[in-house]
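Participant: The structure that follows is given in the form of structure tokens.
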Amino acid sequence: MIPITHFLYLAFGLFVIGMLGVLLRRNVLIVLMSIELMLNAANIALVAFSRLHGNLDGQVLAMFTIAVAAAEAAVGLAIVVSIFRSRTGTDIDDLSLLRD
Amino acid sequence: MSGSEIVFYVFAAVAVVSAIATVTRKNPVVAAVWLVATFFAVAVNYVLLSASFLAVLQVLVYAGAMMVLFVFVIMVLDVDEAGDTEHRRPSRVGRLGYSLALLLSGGMVIWVLVSTLSKQFITPGARLDPTGDFGSANAVGRRLFTDYLFAFEGVSLLLLAAVIGAVVVARSRREREKEAAAAGMSAEAMAAAGLEPPEELVPGPNPQTDFGQPSAGGHEGGT
């Protein structure tokens, strides 16, 4: 039987890796992928606690997280496309305005 | 060591290694492929946590739809894999990011280790053995369409808003100019909104003669 804390360590590791990616990388696409990693880590923790308590609410919440992550990726990538058209670059240090 | 433990440790290692590879690759396409590997490993962990329906959703939505979206956008953007901006000197915001990353991750390491090792946060005795259909599509769907029906409909509205938002945000300047002209916006109002009026709106001696000529600076990417 796998202890529940090991799933939490895995979720924690993925979350920290994603957070380091968000804070340290400059490519917008990699930053968006790191956000997906962090959402996945949160999902693992939700499902682990759902299993721990024998309650399905955590899995339902993880499903909502997946839907919100899909919406976030769609809008985020649309913003990246729009920014890339006007500034021809994906470096987030060059982006400080949300208008052109 | 039982079989499920071996599967867990193998796929946890796969998830962590491919997550590290995702955030360290220069080429976004390679990073996307590593991210798919992470998603599959996470899906295996969902199965181990008896969340089989969620594992299927993970593969379908993340590894299927979302990664295709990412790869499409990377192809549309035509990003070169030089990645030389990563080696530029970090700006002031970048240095703030480095210190914030160290602070946050170090704090999380300490917090998680303290709270899991002290056992006051997680009580191992609370573990329940799930019944047979725990995490199946039947059980989760029943919960989703009874207790969470309102939130479920709200998510559908959110997805609709995201689709519309993505389409509106990703329009090119030319498309926006065309839409503004179709909406009856005058040339002065469009100029005030930062748009270049299409050529048929510009008053000239004979607009039909230069039909098809590329305009000087009105096209996307010209600046």
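So you can find residues: chains in the structure tokens are A, B, ... in the order shown, residues in each start at 1, and ligands are numbered from 1 in order.
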Just want the 8 Å neighbourhood of Ile4 (chain A), counted on only C-alpha atoms, with same-chain residues fewer than 4 positions away dropped. Output as a list in words.
Facilitator: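 Near neighbours after the sequence-gap exclusion: Leu8, Ala48, Phe49 and Leu52 of chain A; Pro124 of chain B.
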Participant: With distances taken over only C-alpha atoms, which residue among B:Ser2, B:Leu103, B:Ala13, B:Ile20 lies nearest Ile30 (chain A)?
Facilitator: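 Looking at the shortest contact to Ile30 (chain A), the residue is B:Ile20.
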Participant: Using DSSP secondary structure from the backbone, list all helix (DSSP H, G or I) positions within chain A, as a ChimeraX atom specification.
Facilitator: /A:4-24,28-53,57-87,92-94
Participant: To one decimal place, how far is CA of Met108 (chain B) from CA of Asn27 (chain A) in Å?
Facilitator: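 Between these atoms lies a distance of 24.6 Å.
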Participant: Excluding Leu29 (chain A) and residues on its chain fewer than 3 positions from it, collect all residues at most 7 Å away from it, counting only C-alpha atoms, and give them as a PDB file with all heavy atoms, in the first residue's frame.
Facilitator:
ATOM      1  N   LEU A  32       3.510  28.925 -19.830  1.00  0.00           N
ATOM      2  CA  LEU A  32       2.149  28.364 -19.849  1.00  0.00           C
ATOM      3  C   LEU A  32       2.177  26.870 -19.535  1.00  0.00           C
ATOM      4  O   LEU A  32       1.317  26.352 -18.810  1.00  0.00           O
ATOM      5  CB  LEU A  32       1.504  28.615 -21.206  1.00  0.00           C
ATOM      6  CG  LEU A  32       0.921  30.005 -21.400  1.00  0.00           C
ATOM      7  CD1 LEU A  32       0.428  30.157 -22.815  1.00  0.00           C
ATOM      8  CD2 LEU A  32      -0.218  30.230 -20.449  1.00  0.00           C
ATOM      9  N   MET A  33       3.173  26.157 -20.090  1.00  0.00           N
ATOM     10  CA  MET A  33       3.275  24.723 -19.790  1.00  0.00           C
ATOM     11  C   MET A  33       3.556  24.502 -18.308  1.00  0.00           C
ATOM     12  O   MET A  33       3.047  23.548 -17.704  1.00  0.00           O
ATOM     13  CB  MET A  33       4.398  24.104 -20.619  1.00  0.00           C
ATOM     14  CG  MET A  33       4.092  24.033 -22.094  1.00  0.00           C
ATOM     15  SD  MET A  33       5.449  23.256 -22.941  1.00  0.00           S
ATOM     16  CE  MET A  33       5.224  23.906 -24.580  1.00  0.00           C
TER      17      MET A  33
ATOM     18  N   PRO B  28      10.444  24.906 -27.490  1.00  0.00           N
ATOM     19  CA  PRO B  28       9.106  24.666 -26.917  1.00  0.00           C
ATOM     20  C   PRO B  28       8.448  23.387 -27.415  1.00  0.00           C
ATOM     21  O   PRO B  28       7.650  22.796 -26.699  1.00  0.00           O
ATOM     22  CB  PRO B  28       8.306  25.897 -27.353  1.00  0.00           C
ATOM     23  CG  PRO B  28       9.275  26.876 -27.832  1.00  0.00           C
ATOM     24  CD  PRO B  28      10.511  26.174 -28.210  1.00  0.00           C
TER      25      PRO B  28
END
Participant: Which of these residues is nearest to chain B, using only C-alpha atoms: A:Ala78, A:Asn55, A:Ile35, A:Pro3?
Facilitator: A:Ala78
Participant: Give the answer as one residue: which of A:Leu20, A:Phe84, A:Leu61, A:Thr5 has the shortest atom-to-atom distance to Leu37 (chain A), using only C-alpha atoms?
Facilitator: A:Leu20
Participant: Between B:Val71, B:Leu149, B:Ala37, B:Ala170, which has the minimum distance to chain A (counting only C-alpha atoms)?
Facilitator: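 Of the candidates, the smallest distance to chain A is held by B:Ala170.
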Participant: Mind checking which residues fall within 12 Å of Gly106 (chain B), counting only C-alpha atoms, ignoring those fewer than 3 positions away in the same chain, and posting them as a PyMOL selection string?
Facilitator: (chain A and resi 12-13+16-17+19-20) or (chain B and resi 99-103+109-113)
Participant: Write the residues you've just listed into a file as a short mmCIF file (atom, residue, chain, number, x, y, z; two decimals), in the first residue's frame, and include all heavy atoms for each of them.
Facilitator:
data_model
loop_
_atom_site.label_atom_id
_atom_site.label_comp_id
_atom_site.auth_asym_id
_atom_site.auth_seq_id
_atom_site.Cartn_x
_atom_site.Cartn_y
_atom_site.Cartn_z
N PHE A 12 3.86 17.81 -4.59
CA PHE A 12 4.67 18.94 -4.17
C PHE A 12 5.86 19.14 -5.12
O PHE A 12 6.17 20.26 -5.52
CB PHE A 12 5.13 18.69 -2.73
CG PHE A 12 6.35 19.43 -2.34
CD1 PHE A 12 6.32 20.78 -2.14
CD2 PHE A 12 7.54 18.75 -2.16
CE1 PHE A 12 7.46 21.46 -1.78
CE2 PHE A 12 8.67 19.43 -1.79
CZ PHE A 12 8.64 20.78 -1.61
N GLY A 13 6.49 18.02 -5.50
CA GLY A 13 7.62 18.13 -6.41
C GLY A 13 7.22 18.72 -7.74
O GLY A 13 7.88 19.63 -8.27
N VAL A 16 6.53 22.47 -7.35
CA VAL A 16 7.73 23.32 -7.22
C VAL A 16 8.42 23.44 -8.57
O VAL A 16 8.88 24.52 -8.96
CB VAL A 16 8.65 22.75 -6.14
CG1 VAL A 16 10.02 23.39 -6.23
CG2 VAL A 16 8.07 23.01 -4.78
N ILE A 17 8.47 22.33 -9.33
CA ILE A 17 9.10 22.40 -10.65
C ILE A 17 8.34 23.38 -11.54
O ILE A 17 8.92 24.23 -12.22
CB ILE A 17 9.15 21.00 -11.28
CG1 ILE A 17 10.12 20.12 -10.53
CG2 ILE A 17 9.56 21.09 -12.74
CD1 ILE A 17 10.00 18.66 -10.89
N MET A 19 6.47 25.87 -10.53
CA MET A 19 6.63 27.23 -10.04
C MET A 19 7.98 27.81 -10.44
O MET A 19 8.09 28.97 -10.84
CB MET A 19 6.49 27.24 -8.52
CG MET A 19 6.46 28.61 -7.92
SD MET A 19 6.15 28.54 -6.17
CE MET A 19 7.61 27.71 -5.60
N LEU A 20 9.03 26.98 -10.36
CA LEU A 20 10.34 27.45 -10.81
C LEU A 20 10.30 27.78 -12.29
O LEU A 20 10.89 28.76 -12.73
CB LEU A 20 11.40 26.39 -10.52
CG LEU A 20 11.73 26.17 -9.05
CD1 LEU A 20 12.72 25.04 -8.89
CD2 LEU A 20 12.30 27.43 -8.45
N SER B 99 14.93 35.35 -6.80
CA SER B 99 14.90 35.30 -5.33
C SER B 99 13.54 34.82 -4.84
O SER B 99 13.46 34.05 -3.87
CB SER B 99 15.23 36.68 -4.76
OG SER B 99 14.49 37.66 -5.41
N LEU B 100 12.47 35.22 -5.55
CA LEU B 100 11.14 34.77 -5.15
C LEU B 100 11.02 33.25 -5.32
O LEU B 100 10.43 32.56 -4.48
CB LEU B 100 10.10 35.49 -6.00
CG LEU B 100 8.67 35.47 -5.49
CD1 LEU B 100 8.59 36.20 -4.17
CD2 LEU B 100 7.74 36.13 -6.48
N ALA B 101 11.59 32.73 -6.42
CA ALA B 101 11.52 31.29 -6.66
C ALA B 101 12.25 30.53 -5.57
O ALA B 101 11.75 29.53 -5.03
CB ALA B 101 12.13 30.96 -8.02
N LEU B 102 13.44 31.01 -5.20
CA LEU B 102 14.19 30.34 -4.14
C LEU B 102 13.42 30.38 -2.83
O LEU B 102 13.29 29.38 -2.13
CB LEU B 102 15.55 31.01 -3.97
CG LEU B 102 16.59 30.62 -5.02
CD1 LEU B 102 17.89 31.35 -4.75
CD2 LEU B 102 16.81 29.12 -4.97
N LEU B 103 12.87 31.56 -2.51
CA LEU B 103 12.16 31.73 -1.25
C LEU B 103 10.94 30.82 -1.19
O LEU B 103 10.73 30.07 -0.23
CB LEU B 103 11.75 33.19 -1.12
CG LEU B 103 11.30 33.64 0.25
CD1 LEU B 103 12.48 33.68 1.19
CD2 LEU B 103 10.65 35.01 0.16
N VAL B 109 9.35 23.46 0.66
CA VAL B 109 10.06 22.24 1.08
C VAL B 109 9.96 22.09 2.59
O VAL B 109 9.57 21.03 3.12
CB VAL B 109 11.54 22.30 0.64
CG1 VAL B 109 12.33 21.20 1.32
CG2 VAL B 109 11.65 22.15 -0.86
N ILE B 110 10.26 23.16 3.31
CA ILE B 110 10.24 23.08 4.77
C ILE B 110 8.83 22.80 5.28
O ILE B 110 8.60 21.93 6.12
CB ILE B 110 10.79 24.39 5.37
CG1 ILE B 110 12.27 24.53 5.00
CG2 ILE B 110 10.61 24.44 6.86
CD1 ILE B 110 12.84 25.87 5.30
N TRP B 111 7.86 23.50 4.68
CA TRP B 111 6.49 23.36 5.16
C TRP B 111 5.97 21.93 4.96
O TRP B 111 5.39 21.31 5.87
CB TRP B 111 5.60 24.37 4.44
CG TRP B 111 4.20 24.40 4.94
CD1 TRP B 111 3.79 24.21 6.22
CD2 TRP B 111 3.03 24.60 4.17
NE1 TRP B 111 2.44 24.31 6.30
CE2 TRP B 111 1.94 24.55 5.06
CE3 TRP B 111 2.80 24.85 2.83
CZ2 TRP B 111 0.64 24.71 4.62
CZ3 TRP B 111 1.50 25.02 2.40
CH2 TRP B 111 0.44 24.96 3.29
N VAL B 112 6.20 21.40 3.75
CA VAL B 112 5.68 20.06 3.46
C VAL B 112 6.39 19.03 4.31
O VAL B 112 5.75 18.11 4.87
CB VAL B 112 5.83 19.76 1.95
CG1 VAL B 112 5.57 18.30 1.68
CG2 VAL B 112 4.90 20.61 1.15
N LEU B 113 7.71 19.14 4.46
CA LEU B 113 8.44 18.16 5.26
C LEU B 113 7.98 18.21 6.71
O LEU B 113 7.70 17.17 7.32
CB LEU B 113 9.94 18.41 5.16
CG LEU B 113 10.57 17.94 3.85
CD1 LEU B 113 12.06 18.18 3.87
CD2 LEU B 113 10.29 16.47 3.62
#
Participant: One number please: CA of Gly18 (chain A) to CA of Ser115 (chain B), in Å, one decimal.
Facilitator: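 Taking CA of Gly18 (chain A) and CA of Ser115 (chain B), their separation equals 21.3 Å.
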Participant: Which residues are close to Gly58 (chain A), i.e. within 6 Å by only C-alpha atoms, leaving aside same-chain residues fewer than 6 positions away? Reply as a ChimeraX atom specification.
Facilitator: /A:46-47,50
Participant: Given the selection you just returned, output its residues as a file containing N, CA and C atoms, formatted as a PDB file, in the first residue's frame.
Facilitator:
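part03.pdb, written as the output of this step:
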ATOM      1  N   LEU A  46      -5.525  16.752  -4.839  1.00  0.00           N
ATOM      2  CA  LEU A  46      -6.977  16.626  -4.657  1.00  0.00           C
ATOM      3  C   LEU A  46      -7.408  15.171  -4.719  1.00  0.00           C
ATOM      4  N   VAL A  47      -6.904  14.448  -5.721  1.00  0.00           N
ATOM      5  CA  VAL A  47      -7.320  13.055  -5.878  1.00  0.00           C
ATOM      6  C   VAL A  47      -6.781  12.199  -4.746  1.00  0.00           C
ATOM      7  N   SER A  50      -8.967  12.799  -1.884  1.00  0.00           N
ATOM      8  CA  SER A  50     -10.254  12.168  -2.162  1.00  0.00           C
ATOM      9  C   SER A  50     -10.202  10.670  -1.853  1.00  0.00           C
TER      10      SER A  50
END
Participant: List the spatial neighbours of Ile66 (chain A) as a compact mmCIF listing (two decimals) with C-alpha atoms, in the first residue's frame - criterion: any atom at most 10 Å away, only C-alpha atoms, same-chain residues fewer than 5 positions off excluded.
Facilitator:
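In the end it all went to selection_16.txt:
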# COMPACT_ATOMS: atom_id res chain seq x y z
CA GLU A 36 -0.29 23.35 -16.52
CA LEU A 39 -2.47 22.62 -12.00
CA ASN A 40 -1.66 18.92 -12.45
CA ASN A 43 -5.03 17.75 -9.09
CA VAL A 60 -15.13 16.16 -9.15
CA LEU A 61 -13.14 19.25 -8.20
CA ALA A 71 -10.03 27.47 -20.82
CA GLU A 72 -6.89 29.08 -19.42
CA LEU B 54 -10.20 11.07 -14.21
CA LEU B 57 -10.05 12.56 -18.88
CA GLN B 58 -6.45 13.49 -18.21
CA VAL B 61 -8.07 16.57 -22.42
CA TYR B 62 -4.47 17.24 -21.45
Participant: Please report the interatomic distance between CA of Ile79 (chain A) and CA of Ala166 (chain B) in Å with one decimal.
Facilitator: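 Answer for the CA of Ile79 (chain A) to CA of Ala166 (chain B) separation: 7.6 Å.
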Participant: Nearest to chain A among B:Gly97, B:Gly64, B:Gly3, B:Gly107, with distances taken over only C-alpha atoms: which residue is it?
Facilitator: B:Gly97
